[in-house]
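Here's the structure we're looking at; comments come further down.
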Amino acid sequence: MTPISATEATPVIARVEDFDQRSGTVAERLLFNNRLVIVALCLLVTLVLGYTAKGLKLNAAFEKMLPTQHPYIVNYLDNKSQLGGLGNTIRIAVEAKKGTIFDAAYMETLRKLTDDVFLFPEADRPYLKSLWTPAVRWTGVTEEGLDGGPVIPDGFDGQPDSLDQLRLNVERSGEIGSLVSADYKSSVILIPLQDKNAETGQPIDYADLSARLEQLRAKYDNDATALHINGFAKVIGDLIEGLRQVLFFFALAILVCAGVLYWYTRCVRSTLLVMLCSVVAVVWLLGLLPLLGFELDPYSVLVPFLVFAIGMSHGAQKMNGIMQDIGRGTHKLVAARYTFRRLFLAGLTALIADAVGFAVLMVIDIRVIQDLALTASLGVAVLVFTNLVLLPILLSYAGVSPVAARRSLKEETAEAESQTKHPFWAFLDLFTQRQWAQRALLASALLAVVGFAISLRLTVGDTDPGAPELRPDSRYNRDNAFIVKNYAASSDTYVVMVKTPQFQCALYPNLLKVDELETQLQQLPGVEGTNSLAGLSKRASSGLNEGSLRWYDIPRSQDSLNTVISYATRELFNQQCNLLSVYVYLKDHKADTLDSVVKVVEAFALANNTQEVQFLSAAGNAGIEAATNIVVRKANAEMLMWVYAAVVVLAFITFRSWKAVICAVLPLMLTSVLCEALMVGLNIGVKVATLPVIALGVGIGVDYALYVMTVTLAGLRAGESLSQAYYKALLFTGKVVVLTGITLGVAVATWAFSPIKFQADMGILLAFMFVWNMLGALILLPALAHFLFKPASAPATAQGGVPGAALGGPDGLLDKAVP
């Protein structure tokens with residue numbers, strides 16, 4: 001093997017006085033000839049942004065989760081003012097541990113709890129429902145005809161007579177399965193939330209709201225009663241609470257990265273500098289967010305660590321290059337400038353690819369994902385300065401440990417001069433040969449086919465009941481399971497809005513159509529029940545005729561229908577009687593359940609909508625989630641198309657070779673396919689929390705291919721064989737690719753133990769993509785190159801007339817990586 005000598009590319013300059021300060025690009029001269037100014041500016045910016053980062057808030061907003069341009073959400077927002085309680089809602093199920101709810105002590109507890117939540121400034125009080133609220137009424141047939149009133153009887157005093165009357169009223173209210181469990185052992189307080197805190201005018205602070213709900217739980221959860229709470233606000237509150245534990249896993253991941261980097265370099269100062277610059281990037285990001293009016297939410301809180309991970313990856317490459325030059329005897333300032341020349345273009349291209357991977361998420365019409373995209377893109381933009389500029393400048397001052405530098409050079413020289421290659425690098429180099437290349441491509445093709453077949457079963461939406469962001473045994477999911485088990489009118493509610501001309505919502509033909517829709521929906525296995533003005537009319541008709549089921553139908557007489565309306569609750573129709581609400585109560589919000597409901601409603605609307613009467617989807621939390629799933633399903637394919645288009649363009653600009661683009665991009669595509677197959681195997685659906693992972697994996701994974709392909713391509717253009725060029729790439733950048741791939745994979749794999757399930761899912765998927773993208777760059781890339789590339793007939797000449805200065809060795813790779 002020919003040794004990789006510094007003289008092949010750049011001369012070894014031991015004294016800085018012998019270095020031509022006017023050499024290099026304009027950017028290099030501007031930055032390195034003003035090092036103190038750059039460091040001082042970075043220190044000032046870090047102090048300022050570190051101070052502003054103190055104002056960063058961790059919160060979430062229900063509205064940010066909505067795909068506001070989707071027709072379902074447009075319909076919901078257009079009618080939101082007349083659909084109280086069908087959006088962001090909390091349910092508190094108050095369980096009687098001993099006996100039933102028809103107990104004086106239980107009812108007193110329920111009254112106090114209702115009063116407490118009524119005073120919440122976030123509560124939409126007119127729509128708050130409990131057995132104690134006047135809006136919860138009963139309707140019955142008496143000797144005088146239809147009668148009704150509040151469920152809590154006048155003069156209720158908790159005595160046996162009052163409790164008997166309460167039981168009768170509950171049975172006639174139609175709230176069994178909705179506000180009261182079928183076994184009479186619990187009842188629900190329904191708390192619709194406003195968009196803002198009524199007292200402060202600020203967005204809802206979900207962490208504070210969740211904490212107050214837990215205070216109520218502590219207050220009323222005793223030997224007699226237990227509270228079970230669910231709803232979007234509680235999910236977000238529990239996520240925010242769990243994120244405090246997540247910080248431990250972030251710290252653990254950082255320690256893993258630092259430990260492995262130090263093990264590789266045996267140099268404390270360079271390891272600390274790489275970590276410092278990555279941390280500085282995170283500080284800048286966190287400081288910029290409040291200045292730009294952004295908040296961190298439970299879905300974007302992982303971005304700072306991703307920024308740190310990307311920074312560690314690029315920083316390790318810079319440190320490795322400088323260490324090799326210093327080991328040869330080059331002055332630390334000169335080594336830093338050489339490394340800046342060699343790796344700035346590849347690093348910049350890789351970071352742009354990372355940014356594009358994040359930025360394409362902007363095509364998804366969900367604000368929380370768009371905020372994540374902007375946050376991550378901003379973090380990557382910061383890395384361009386902190387890791388591509390600041391780190392080489394700091395290393396130009398600090399240098400690296402002489403012992404570590406000599407050790408690095410000794411290993412590199414020994415590997416290069418040895419007639420026998422290092423076993424690991426020799427194994428990887430086998431994939432430049434036809435037999436091994438064919439095996440690699442055949443295995444990859446087989447994996448791609450199998451992975452694609454499995455990925456076709458990938459679910460868009462939730463695959464489990466409850467909140468998939470949390471562990472199945474979390475307090476929230478246990479509470480949710482209790483509510484689902486005991487209430488037919490579950491928290492998963494899909495609401496169809498029926499628009500009619502004014503004062504015509506109760507016309508017989510309109511109610512007949514509503515009843516027909518309900519009948520179709522009730523046949524679905526995922527539907528627990530339905531409720532509408534049509535259903536109420538049928539029950540009233542039967543009641544008015546001595547309970548005979550022969551009369552269980554919608555009355556044809558408009559006078560009879562008008563009588564029913566006078567006793568109906570306003571949640572079934574609005575004041576102008578031009579909007580009916582059809583409630584569809586679901587067993588869960590799994591993707592299959594939602595898809596079946598959407599298909600029935602869409603087909604019915606297509607067949608029955610007229611100019612005057614329209615059946616519109618959808619309100620209710622299940623309706624909103626159905627719309628979100630539709631947007632995510634479309635965005636998943638569209639997002640991948642855009643991210644790969646951007647990566648292809650960037651790779652072509654960097655390599656100026658379509659063959660090199662194929663070598664870099666095909667391994668990424670294989671990883672994407674296998675990642676989707678892994679999601680199927682782990683029962684992870686594509687949703688707001690997981691959708692960004694695949695795009696992030698492509699953007700971050702292209703880094704490995706860019707570094708390896710750049711060095712390999714340089715050698716090929718210098719006239720070397722593929723084996724020679726690839727082996728040099730392995731010795732120069734391949735080591736760090738393996739280092740960062742395994743390190744970051746192990747670091748994020750620790751997230752699998754997080755109490756937050758969606759973070760655990762992201763950790764597993766990111767670890768898989770880090771490792772597989774690394775393997776793709778080291779195995780599939782040379783295998784593809786074997787069939788696509790032929791070595792140049794003569795060595796290339798670099799700028800300045802020094803043969804190989806740009807392309808012949810690791811010290812001049814990227815000065816001119818063009819034909």
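So you can find residues: chains in the structure tokens are A, B, ... in the order shown, residues in each start at 1, and ligands are numbered from 1 in order.
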
Need to verify the contact set: A:Thr271, 8 Å, only C-alpha atoms, exclusion of same-chain residues closer than 6 positions in sequence. Can you return it as a tab-separated table (two decimals) with N, CA and C atoms, in the first residue's frame?
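The result, stored in selection_28.tsv:
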```tsv
chain	number	residue	atom	x	y	z
A	258	ALA	N	-19.60	11.75	24.24
A	258	ALA	CA	-18.32	12.25	24.73
A	258	ALA	C	-17.37	11.11	25.06
A	261	LEU	N	-16.07	9.47	21.83
A	261	LEU	CA	-15.16	10.38	21.13
A	261	LEU	C	-13.81	10.43	21.83
A	262	TYR	N	-13.83	10.48	23.16
A	262	TYR	CA	-12.56	10.49	23.89
A	262	TYR	C	-11.82	9.16	23.72
A	265	THR	N	-10.06	9.44	20.39
A	265	THR	CA	-9.00	10.44	20.23
A	265	THR	C	-7.95	10.38	21.32
```

Legend entry - Nearby residues (only C-alpha atoms) at most 10 Å from stretch 352-357 of chain A, same-chain spacing under 3 positions excluded, as JSON, numbers by chain: {"A": [307, 310, 346, 347, 348, 349, 360, 361, 373, 374, 376, 377, 378, 379, 380, 381, 384, 639, 640, 642, 643, 644, 645, 646, 647, 648, 649, 650, 651, 692, 693, 694, 695, 696, 697, 698, 699, 700, 701, 702, 703, 706]}

Inset, instruction - Find, counting only C-alpha atoms, the residue in A:Leu674, A:Leu345, A:Ala224, A:Met323 that gets nearest to A:Leu456. - result: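 Going through A:Leu674, A:Leu345, A:Ala224, A:Met323 one by one, the smallest distance to A:Leu456 is for A:Leu674.
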
Legend entry - Closest of A:Thr610, A:Ser186, A:Gln202, A:Asn531 to A:Thr493 - atom-to-atom distances counting only C-alpha atoms: A:Asn531

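Between atom CA of A:Ser455 and atom CA of A:Leu524 the interatomic distance comes to 26.5 Å.
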
Inset, instruction - Name the residues in contact with A:Gln614 at a cut-off of 12 Å, using only C-alpha atoms, excluding same-chain residues fewer than 2 positions from it; report them as a PyMOL selection string. - result: chain A and resi 75+496-501+505+510+513-514+578-581+601-602+604-612+616-617

Inset, instruction - Go through A:His786, A:Arg15, A:His331, A:Lys757 and flag the residue nearest A:Gln435, using only C-alpha atoms for the distances. - result: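 Smallest separation from A:Gln435 among the options: A:His786.
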
Inset, instruction - Check the smallest atom-to-atom distance from each of A:Phe452, A:Phe652, A:Trp658, A:Phe753 to A:Ser672 using only C-alpha atoms, then report the winner. - result: A:Phe452

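Near A:Tyr726, within 9 Å and counting only C-alpha atoms, sit Asp429, Thr432, Val708, Met709, Val711, Thr712, Leu713, Gly715, Leu716, Ser721, Leu722, Ser723, Gln724, Lys728, Ala729, Leu730, Leu731 and Pro782 of chain A; same-chain residues fewer than 2 positions away were not included.
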
Just the selected residues (N, CA and C atoms), exported as a short mmCIF file (atom, residue, chain, number, x, y, z; two decimals), in the first residue's frame, please.
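File produced: selection_5.cif:
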```
data_model
loop_
_atom_site.label_atom_id
_atom_site.label_comp_id
_atom_site.auth_asym_id
_atom_site.auth_seq_id
_atom_site.Cartn_x
_atom_site.Cartn_y
_atom_site.Cartn_z
N ASP A 429 -13.33 -3.12 2.11
CA ASP A 429 -12.76 -2.91 0.78
C ASP A 429 -13.15 -4.04 -0.18
N THR A 432 -15.60 -3.45 -3.11
CA THR A 432 -15.22 -2.81 -4.37
C THR A 432 -14.95 -3.86 -5.45
N VAL A 708 -17.77 10.04 2.60
CA VAL A 708 -17.10 8.89 1.99
C VAL A 708 -17.00 9.05 0.48
N MET A 709 -18.09 9.50 -0.16
CA MET A 709 -18.10 9.61 -1.61
C MET A 709 -17.16 10.71 -2.09
N VAL A 711 -14.26 11.70 -0.82
CA VAL A 711 -12.88 11.24 -0.80
C VAL A 711 -12.67 10.18 -1.88
N THR A 712 -13.62 9.27 -2.01
CA THR A 712 -13.49 8.21 -3.02
C THR A 712 -13.47 8.81 -4.42
N LEU A 713 -14.36 9.72 -4.68
CA LEU A 713 -14.43 10.35 -6.00
C LEU A 713 -13.15 11.12 -6.32
N GLY A 715 -10.14 10.37 -5.30
CA GLY A 715 -9.14 9.39 -5.68
C GLY A 715 -9.35 8.86 -7.08
N LEU A 716 -10.60 8.60 -7.44
CA LEU A 716 -10.89 8.11 -8.79
C LEU A 716 -10.49 9.14 -9.84
N SER A 721 -7.35 3.32 -8.58
CA SER A 721 -8.38 2.30 -8.72
C SER A 721 -9.45 2.55 -7.66
N LEU A 722 -10.61 1.93 -7.85
CA LEU A 722 -11.68 2.10 -6.87
C LEU A 722 -11.23 1.59 -5.50
N SER A 723 -10.52 0.46 -5.48
CA SER A 723 -10.06 -0.09 -4.21
C SER A 723 -9.12 0.87 -3.50
N GLN A 724 -8.17 1.47 -4.25
CA GLN A 724 -7.25 2.43 -3.64
C GLN A 724 -7.98 3.66 -3.12
N LYS A 728 -8.48 4.69 0.92
CA LYS A 728 -8.05 5.98 1.47
C LYS A 728 -9.21 6.68 2.14
N ALA A 729 -10.38 6.58 1.53
CA ALA A 729 -11.57 7.20 2.13
C ALA A 729 -11.88 6.57 3.48
N LEU A 730 -11.70 5.25 3.57
CA LEU A 730 -11.94 4.58 4.84
C LEU A 730 -10.98 5.05 5.92
N LEU A 731 -9.69 5.18 5.55
CA LEU A 731 -8.70 5.60 6.53
C LEU A 731 -8.89 7.05 6.94
N PRO A 782 -19.70 1.51 -2.10
CA PRO A 782 -18.62 0.97 -2.95
C PRO A 782 -19.11 -0.12 -3.91
#
```
